[in-house]
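S.K.: Just dropping this structure here.
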Amino acid sequence: MPDVLDATPYDALLLLSFGGPEGPDDVVPFLENVTRGRGIPKERLKEVGQHYFLFGGVSPINDHNRALLHALRKDFAEHGLDLPVYWGNRNWAPYLTDTLREMAADGRRRILVLATSAYASYSGCRQYRENLADALATLEAEGVAVPRVDKLRHYFNHPGFVQPMVDGVVASLAELPEDVRDRAHLAFTTHSIPTASADTSGPVEGHGDGGAYVRQHLEVARLVADAVRERTGVEHPWQLVYQSRSGAPHIPWLEPDICDHLEERHAAGVPAVVMAPIGFVSDHMEVLYDLDTEATARAGELGLPVRRSATVGADPRFAAAIRDLVLERSAVERGQDVSPCALGALGPSHQVCPVGCCPARAARPAAAGADSPYA
């Protein structure tokens with residue numbers, strides 16, 4: 001960390017997230033936003049929304065983002081980093097376009113973007129960049145002076161992201177019955193995506209089986225498992241598994257699914273499982289329903305003890321990691337030499353998404369990358 005916390009040339013940070021409904025009346029309009037252009041009937045959306053209705057129509061994601069927003073502002077203030085933090089969502093209020101319009105009105109000209117997705121993939125990176133380009137195009141059409149936006153690099157292997165997950169797994173192991181604790185299996189979970197999307201995730205030179213998406217998740221799983229072994233003195237078997245699949249059944253998606261994995265591990269004689277959602281920054285609906293509800297119920301039917309470890313959320317170490325990434329990128333923009341912080345063998349991710357990174361099925365403009373029309 002430098003002695004002087006200088007974010008120049010940036011004058012604001014934008015927390016950019018997915019968004020979620022905050023009441024029963026929001027559920028279908030929110031899902032209409034998410035599925036816009038796909039022609040899905042409203043009645044089908046009501047069926048899909050049952051997961052939300054089980055929780056009063058409220059997704060936890062917005063409250064988690066409010067907590068992260070508070071944690072970032074607190075950390076920045078305590079460390080003397082004079083950088084205002086705004087918040088915008090892709091699919092629900094506060095909407096991204098409205099937030100960028102507010103930032104422009106406040107005179108913000110160079111904006112750093114923190115996306116609440118740590119890994120490389122179309123839905124976890126480029127789609128956010130496409131949304132940024134759409135929002136900037138709207139402002140441009142309104143005659144608003146369009147700010148420049150840059151996106152913080154992927155932070156999957158930053159210690160401030162990994163260490164809280166290690167603590168979560170260790171705590172979950174301690175909650176298991178003592179007679180099964182040391183033989184527990186670790187199931188590291190993330191959102192399943194189509195295999196074609198996984199294979200083309202990350203820079204072009206790394207495309208192939210699983211691409212950067214699988215490679216990065218495997219690295220984080222290994223880092224967490226190794227740290228748990230160092231902390232507990234016990235080597236736990238582990239596997240990367242997937243959850244929350246959607247889409248047409250004939251399209252291949254990453255497998256195995258967490259529920260299938262629990263059945264397979266139970267049949268193999270595993271006495272207990274810790275489910276560690278390393279693919280999620282906070283407790284999204286996918287965590288509350290797919291793990292805490294559906295997978296936990298399946299484990300109960302099997303008589304298999306399970307625990308679900310905590311996500312990173314607004315952990316102070318994560319807020320400090322974002323401060324570190326802000327200062328790192330600011331120094332890069334000023335032409336200074338930096339030593340990016342990253343654990344493991346993959347090293348730090350690229351600062352700017354290159355051309356061809358995480359491509360869409362149909363080409364669309366994307367901001368905050370080497371191919372940005374707003375550079």
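Chains: A, B, ... in order of the structure tokens. Residues: from 1 per chain. Ligands: from 1, in order shown.
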Give me, as a PyMOL selection string, all polymer residues having an atom no more than 7 Å from range 69-85 of chain A, counting only C-alpha atoms and skipping those fewer than 3 positions away in the same chain.

M.R.: chain A and resi 5-6+11-14+65-66+314+316+319-320+323

S.K.: Identify all residues of range 81-275 of chain A in alpha helix (DSSP H) (DSSP on the backbone) and supply them as a PyMOL selection string.

M.R.: chain A and resi 96-105+127-141+159-175+178-181+195-199+211-232+258-267

S.K.: If you count only C-alpha atoms, which residues fall within 8 Å of Ser309 in chain A, apart from same-chain ones fewer than 2 positions away, as JSON, numbers by chain?

M.R.: {"A": [165, 168, 169, 171, 172, 274, 275, 276, 277, 307, 311]}

S.K.: Rounded to one decimal, what separation in Å do you get between CA of Arg110 in chain A and CA of Cys341 in chain A?

M.R.: 23.4 Å

S.K.: Find the distance between CA of Leu346 in chain A and CA of Ile111 in chain A and write it in Å to one decimal.

M.R.: 27.3 Å

S.K.: List every residue of range 224-275 of chain A that has an atom at most 9 Å from any atom of range 188-207 of chain A, giving for each one its closest atom pair and the distance in Å to one decimal, counting only C-alpha atoms, sorted by chain and then by ascending residue number, as a tab-separated table.

M.R.:
residue	atom	partner	partner_atom	distance
A:Trp238	CA	A:Phe188	CA	7.2
A:Gln239	CA	A:Phe188	CA	6.1
A:Leu240	CA	A:Phe188	CA	4.8
A:Val241	CA	A:Thr189	CA	5.0
A:Tyr242	CA	A:Ser192	CA	5.0
A:Gln243	CA	A:His191	CA	5.2
A:Ser244	CA	A:His191	CA	5.8
A:Arg245	CA	A:Ser192	CA	5.4
A:Ser246	CA	A:Ser192	CA	8.3
A:Gly247	CA	A:Pro194	CA	8.8
A:Ile251	CA	A:Pro194	CA	7.0
A:Pro252	CA	A:Pro194	CA	5.8
A:Trp253	CA	A:Pro194	CA	4.0
A:Leu254	CA	A:Ser192	CA	5.3
A:Glu255	CA	A:Ser192	CA	7.2
A:Pro256	CA	A:Ser192	CA	9.0
A:Asp257	CA	A:Ser192	CA	8.0
A:Ile258	CA	A:Thr189	CA	7.2
A:Val274	CA	A:Phe188	CA	8.3
A:Met275	CA	A:Phe188	CA	6.0

S.K.: Report, in Å with one decimal, the straight-line distance from CA of His350 in chain A to CA of Tyr122 in chain A.

M.R.: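 Here the two named atoms are 15.6 Å from each other.
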
S.K.: Write out as a VMD selection string all residues of range 126-343 of chain A that backbone DSSP assigns to strand (DSSP E or B).

M.R.: chain A and resid 148 to 151 185 to 191 194 238 to 243 253 257 273 to 276 306 to 308

S.K.: Please identify all polymer residues within 9 Å of Val326 in chain A, counting only C-alpha atoms, omitting same-chain residues fewer than 2 positions from it, and present them as a ChimeraX atom specification.

M.R.: /A:7,10,13,112,152,321-324,328-331

S.K.: Could those residues be written to a file, using C-alpha atoms, as a PDB file, in the first residue's frame?

M.R.:
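Below you can see out05.pdb, which holds the result:
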ATOM      1  CA  ALA A   7      -7.017   7.412  -6.524  1.00  0.00           C
ATOM      2  CA  TYR A  10     -10.469   8.437 -10.737  1.00  0.00           C
ATOM      3  CA  LEU A  13     -16.239   4.130  -7.538  1.00  0.00           C
ATOM      4  CA  LEU A 112     -13.954   2.825 -11.529  1.00  0.00           C
ATOM      5  CA  LEU A 152     -11.552  -3.329 -11.581  1.00  0.00           C
ATOM      6  CA  ALA A 321      -9.180  -5.682  -0.822  1.00  0.00           C
ATOM      7  CA  ILE A 322     -11.323  -3.360  -2.933  1.00  0.00           C
ATOM      8  CA  ARG A 323      -9.368  -0.387  -1.585  1.00  0.00           C
ATOM      9  CA  ASP A 324      -6.181  -2.192  -2.602  1.00  0.00           C
ATOM     10  CA  GLU A 328      -3.533  -0.566  -7.788  1.00  0.00           C
ATOM     11  CA  ARG A 329      -5.576   0.401 -10.863  1.00  0.00           C
ATOM     12  CA  SER A 330      -5.125   4.108 -10.150  1.00  0.00           C
ATOM     13  CA  ALA A 331      -1.341   3.663 -10.073  1.00  0.00           C
TER      14      ALA A 331
END

S.K.: Find the spatial neighbours of Val58 in chain A, counting only C-alpha atoms, within a cut-off of 7 Å - ignore same-chain residues fewer than 2 positions away - and output them as a list in words.

M.R.: Pro21, Glu22, Gly23, Pro24, Tyr52, Phe55, Gly56 and Pro60 of chain A

S.K.: Please produce a file of those selected residues containing N, CA, C and O atoms, as a CSV table (one decimal), in the first residue's frame.

M.R.:
chain,number,residue,atom,x,y,z
A,21,PRO,N,-35.6,-8.2,-6.4
A,21,PRO,CA,-36.9,-7.7,-5.9
A,21,PRO,C,-36.9,-7.4,-4.4
A,21,PRO,O,-36.2,-8.1,-3.7
A,22,GLU,N,-37.7,-6.5,-4.0
A,22,GLU,CA,-37.7,-6.1,-2.5
A,22,GLU,C,-39.1,-6.2,-2.0
A,22,GLU,O,-39.4,-5.7,-0.9
A,23,GLY,N,-40.0,-7.0,-2.7
A,23,GLY,CA,-41.3,-7.2,-2.2
A,23,GLY,C,-42.1,-8.1,-3.2
A,23,GLY,O,-41.6,-8.2,-4.4
A,24,PRO,N,-43.2,-8.7,-2.9
A,24,PRO,CA,-43.9,-9.6,-3.8
A,24,PRO,C,-44.3,-8.9,-5.1
A,24,PRO,O,-44.2,-9.6,-6.2
A,52,TYR,N,-38.6,-16.8,-5.0
A,52,TYR,CA,-38.6,-15.5,-4.3
A,52,TYR,C,-39.8,-15.4,-3.4
A,52,TYR,O,-39.7,-14.8,-2.3
A,55,PHE,N,-39.6,-16.4,0.1
A,55,PHE,CA,-38.9,-15.5,1.0
A,55,PHE,C,-39.6,-14.1,1.1
A,55,PHE,O,-38.9,-13.1,1.2
A,56,GLY,N,-40.9,-14.1,0.9
A,56,GLY,CA,-41.7,-12.9,0.9
A,56,GLY,C,-41.5,-12.0,-0.3
A,56,GLY,O,-41.8,-10.8,-0.2
A,60,PRO,N,-32.2,-11.3,-1.0
A,60,PRO,CA,-31.3,-10.7,0.0
A,60,PRO,C,-30.2,-9.8,-0.7
A,60,PRO,O,-29.5,-9.1,0.1

S.K.: Please provide as a ChimeraX atom specification all residues within 9 Å of Val273 in chain A, with the sequence filter that same-chain residues fewer than 4 positions apart are discarded (counting only C-alpha atoms).

M.R.: /A:173,176,181,183-187,262,265,304-308

S.K.: Please produce a file of those selected residues containing all heavy atoms, as a short mmCIF file (atom, residue, chain, number, x, y, z; two decimals), in the first residue's frame.

M.R.:
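What follows is the written file part-v5.cif:
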data_model
loop_
_atom_site.label_atom_id
_atom_site.label_comp_id
_atom_site.auth_asym_id
_atom_site.auth_seq_id
_atom_site.Cartn_x
_atom_site.Cartn_y
_atom_site.Cartn_z
N LEU A 173 -17.05 -26.53 9.55
CA LEU A 173 -16.52 -27.82 10.00
C LEU A 173 -16.69 -27.97 11.51
O LEU A 173 -17.07 -29.04 12.01
CB LEU A 173 -15.05 -27.95 9.63
CG LEU A 173 -14.74 -28.22 8.15
CD1 LEU A 173 -13.26 -28.02 7.88
CD2 LEU A 173 -15.17 -29.65 7.76
N LEU A 176 -20.08 -29.26 12.67
CA LEU A 176 -20.45 -30.65 12.41
C LEU A 176 -20.23 -31.50 13.66
O LEU A 176 -19.37 -31.18 14.49
CB LEU A 176 -19.62 -31.21 11.26
CG LEU A 176 -19.98 -30.72 9.85
CD1 LEU A 176 -18.90 -31.15 8.86
CD2 LEU A 176 -21.35 -31.23 9.42
N ARG A 181 -16.55 -34.91 11.75
CA ARG A 181 -15.93 -33.65 11.32
C ARG A 181 -14.67 -33.87 10.48
O ARG A 181 -14.52 -33.29 9.40
CB ARG A 181 -15.59 -32.81 12.55
CG ARG A 181 -15.07 -31.42 12.25
CD ARG A 181 -14.81 -30.70 13.57
NE ARG A 181 -16.00 -30.69 14.40
CZ ARG A 181 -15.99 -30.63 15.73
NH1 ARG A 181 -14.83 -30.60 16.38
NH2 ARG A 181 -17.12 -30.62 16.41
N ARG A 183 -13.71 -36.29 8.74
CA ARG A 183 -13.90 -37.04 7.49
C ARG A 183 -14.86 -36.33 6.54
O ARG A 183 -15.28 -36.89 5.53
CB ARG A 183 -14.41 -38.45 7.80
CG ARG A 183 -13.40 -39.32 8.56
CD ARG A 183 -13.98 -40.68 8.91
NE ARG A 183 -15.05 -40.57 9.90
CZ ARG A 183 -16.21 -41.20 9.84
NH1 ARG A 183 -16.46 -42.00 8.81
NH2 ARG A 183 -17.11 -41.05 10.79
N ALA A 184 -15.21 -35.09 6.86
CA ALA A 184 -16.16 -34.35 6.05
C ALA A 184 -15.57 -34.00 4.68
O ALA A 184 -14.37 -33.76 4.53
CB ALA A 184 -16.58 -33.07 6.76
N HIS A 185 -16.43 -33.99 3.70
CA HIS A 185 -16.09 -33.63 2.32
C HIS A 185 -16.43 -32.16 2.10
O HIS A 185 -17.42 -31.65 2.62
CB HIS A 185 -16.90 -34.52 1.37
CG HIS A 185 -16.78 -34.15 -0.08
ND1 HIS A 185 -15.73 -34.53 -0.87
CD2 HIS A 185 -17.61 -33.43 -0.88
CE1 HIS A 185 -15.90 -34.08 -2.09
NE2 HIS A 185 -17.04 -33.40 -2.13
N LEU A 186 -15.60 -31.46 1.32
CA LEU A 186 -15.85 -30.06 0.99
C LEU A 186 -16.38 -29.97 -0.44
O LEU A 186 -15.69 -30.38 -1.39
CB LEU A 186 -14.58 -29.23 1.13
CG LEU A 186 -13.81 -29.35 2.45
CD1 LEU A 186 -12.57 -28.44 2.41
CD2 LEU A 186 -14.70 -29.02 3.63
N ALA A 187 -17.59 -29.45 -0.59
CA ALA A 187 -18.19 -29.25 -1.91
C ALA A 187 -18.17 -27.77 -2.21
O ALA A 187 -18.96 -27.00 -1.66
CB ALA A 187 -19.61 -29.80 -1.95
N LEU A 262 -24.32 -34.56 -3.70
CA LEU A 262 -24.60 -35.02 -2.35
C LEU A 262 -25.04 -36.48 -2.36
O LEU A 262 -24.62 -37.28 -1.50
CB LEU A 262 -25.69 -34.14 -1.71
CG LEU A 262 -25.29 -32.70 -1.41
CD1 LEU A 262 -26.51 -31.92 -0.90
CD2 LEU A 262 -24.15 -32.62 -0.40
N ARG A 265 -21.87 -38.63 -3.09
CA ARG A 265 -20.96 -38.68 -1.94
C ARG A 265 -21.55 -39.52 -0.81
O ARG A 265 -20.83 -40.27 -0.14
CB ARG A 265 -20.65 -37.27 -1.44
CG ARG A 265 -19.78 -36.43 -2.35
CD ARG A 265 -18.34 -36.94 -2.43
NE ARG A 265 -18.20 -38.08 -3.33
CZ ARG A 265 -17.23 -38.98 -3.29
NH1 ARG A 265 -16.30 -38.90 -2.35
NH2 ARG A 265 -17.17 -39.97 -4.15
N LEU A 304 -27.68 -37.19 5.61
CA LEU A 304 -26.30 -36.74 5.47
C LEU A 304 -26.13 -35.39 6.17
O LEU A 304 -26.72 -34.39 5.74
CB LEU A 304 -25.95 -36.61 3.98
CG LEU A 304 -24.56 -36.09 3.62
CD1 LEU A 304 -23.48 -37.08 4.06
CD2 LEU A 304 -24.47 -35.82 2.11
N PRO A 305 -25.34 -35.28 7.21
CA PRO A 305 -25.13 -33.99 7.85
C PRO A 305 -24.42 -33.02 6.89
O PRO A 305 -23.40 -33.36 6.29
CB PRO A 305 -24.22 -34.32 9.04
CG PRO A 305 -24.39 -35.79 9.27
CD PRO A 305 -24.64 -36.38 7.91
N VAL A 306 -24.99 -31.81 6.75
CA VAL A 306 -24.38 -30.78 5.91
C VAL A 306 -24.37 -29.45 6.64
O VAL A 306 -25.20 -29.20 7.51
CB VAL A 306 -25.11 -30.60 4.55
CG1 VAL A 306 -25.00 -31.84 3.69
CG2 VAL A 306 -26.55 -30.18 4.75
N ARG A 307 -23.41 -28.62 6.28
CA ARG A 307 -23.38 -27.24 6.71
C ARG A 307 -23.03 -26.40 5.49
O ARG A 307 -22.34 -26.85 4.59
CB ARG A 307 -22.33 -27.01 7.81
CG ARG A 307 -22.60 -27.76 9.09
CD ARG A 307 -23.83 -27.25 9.81
NE ARG A 307 -24.00 -27.89 11.11
CZ ARG A 307 -24.61 -29.07 11.30
NH1 ARG A 307 -25.09 -29.75 10.26
NH2 ARG A 307 -24.73 -29.56 12.51
N ARG A 308 -23.53 -25.15 5.48
CA ARG A 308 -23.22 -24.24 4.39
C ARG A 308 -22.35 -23.12 4.95
O ARG A 308 -22.74 -22.42 5.88
CB ARG A 308 -24.50 -23.68 3.78
CG ARG A 308 -24.27 -22.99 2.43
CD ARG A 308 -24.03 -21.51 2.55
NE ARG A 308 -25.22 -20.78 2.96
CZ ARG A 308 -25.23 -19.48 3.18
NH1 ARG A 308 -24.10 -18.76 3.08
NH2 ARG A 308 -26.33 -18.87 3.58
#

S.K.: Using only C-alpha atoms, find the one residue out of A:Cys358, A:Gly344, A:Gly300, A:Phe156 that sits nearest to Gly208 in chain A.

M.R.: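 Selected residue with least distance to Gly208 in chain A: A:Cys358.
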
S.K.: Excluding His266 in chain A and any residue of its chain fewer than 4 positions from it, enumerate the residues within 9 Å of it, using only C-alpha atoms, and give them as a PyMOL selection string.

M.R.: chain A and resi 261-262+270-272+299+302-304

S.K.: Could you turn the residues from that selection into a file that holds N, CA, C and O atoms, as a short mmCIF file (atom, residue, chain, number, x, y, z; two decimals), in the first residue's frame?

M.R.:
data_model
loop_
_atom_site.label_atom_id
_atom_site.label_comp_id
_atom_site.auth_asym_id
_atom_site.auth_seq_id
_atom_site.Cartn_x
_atom_site.Cartn_y
_atom_site.Cartn_z
N HIS A 261 -24.42 -34.39 -6.52
CA HIS A 261 -23.14 -34.62 -5.85
C HIS A 261 -23.35 -35.12 -4.42
O HIS A 261 -22.64 -36.03 -3.97
N LEU A 262 -24.32 -34.56 -3.70
CA LEU A 262 -24.60 -35.02 -2.35
C LEU A 262 -25.04 -36.48 -2.36
O LEU A 262 -24.62 -37.28 -1.50
N VAL A 270 -19.40 -41.04 2.37
CA VAL A 270 -18.97 -39.80 3.01
C VAL A 270 -19.91 -39.49 4.17
O VAL A 270 -21.13 -39.51 4.00
N PRO A 271 -19.38 -39.19 5.38
CA PRO A 271 -20.26 -39.02 6.54
C PRO A 271 -20.83 -37.62 6.72
O PRO A 271 -21.76 -37.43 7.51
N ALA A 272 -20.27 -36.60 6.03
CA ALA A 272 -20.74 -35.23 6.19
C ALA A 272 -20.16 -34.37 5.07
O ALA A 272 -19.13 -34.72 4.48
N ALA A 299 -30.10 -33.38 1.45
CA ALA A 299 -29.18 -34.01 2.40
C ALA A 299 -29.94 -34.59 3.59
O ALA A 299 -29.61 -35.67 4.09
N LEU A 302 -31.36 -37.86 2.80
CA LEU A 302 -30.32 -38.89 2.76
C LEU A 302 -29.78 -39.22 4.15
O LEU A 302 -29.06 -40.22 4.31
N GLY A 303 -30.09 -38.37 5.13
CA GLY A 303 -29.49 -38.55 6.45
C GLY A 303 -28.03 -38.14 6.47
O GLY A 303 -27.24 -38.66 7.26
N LEU A 304 -27.68 -37.19 5.61
CA LEU A 304 -26.30 -36.74 5.47
C LEU A 304 -26.13 -35.39 6.17
O LEU A 304 -26.72 -34.39 5.74
#
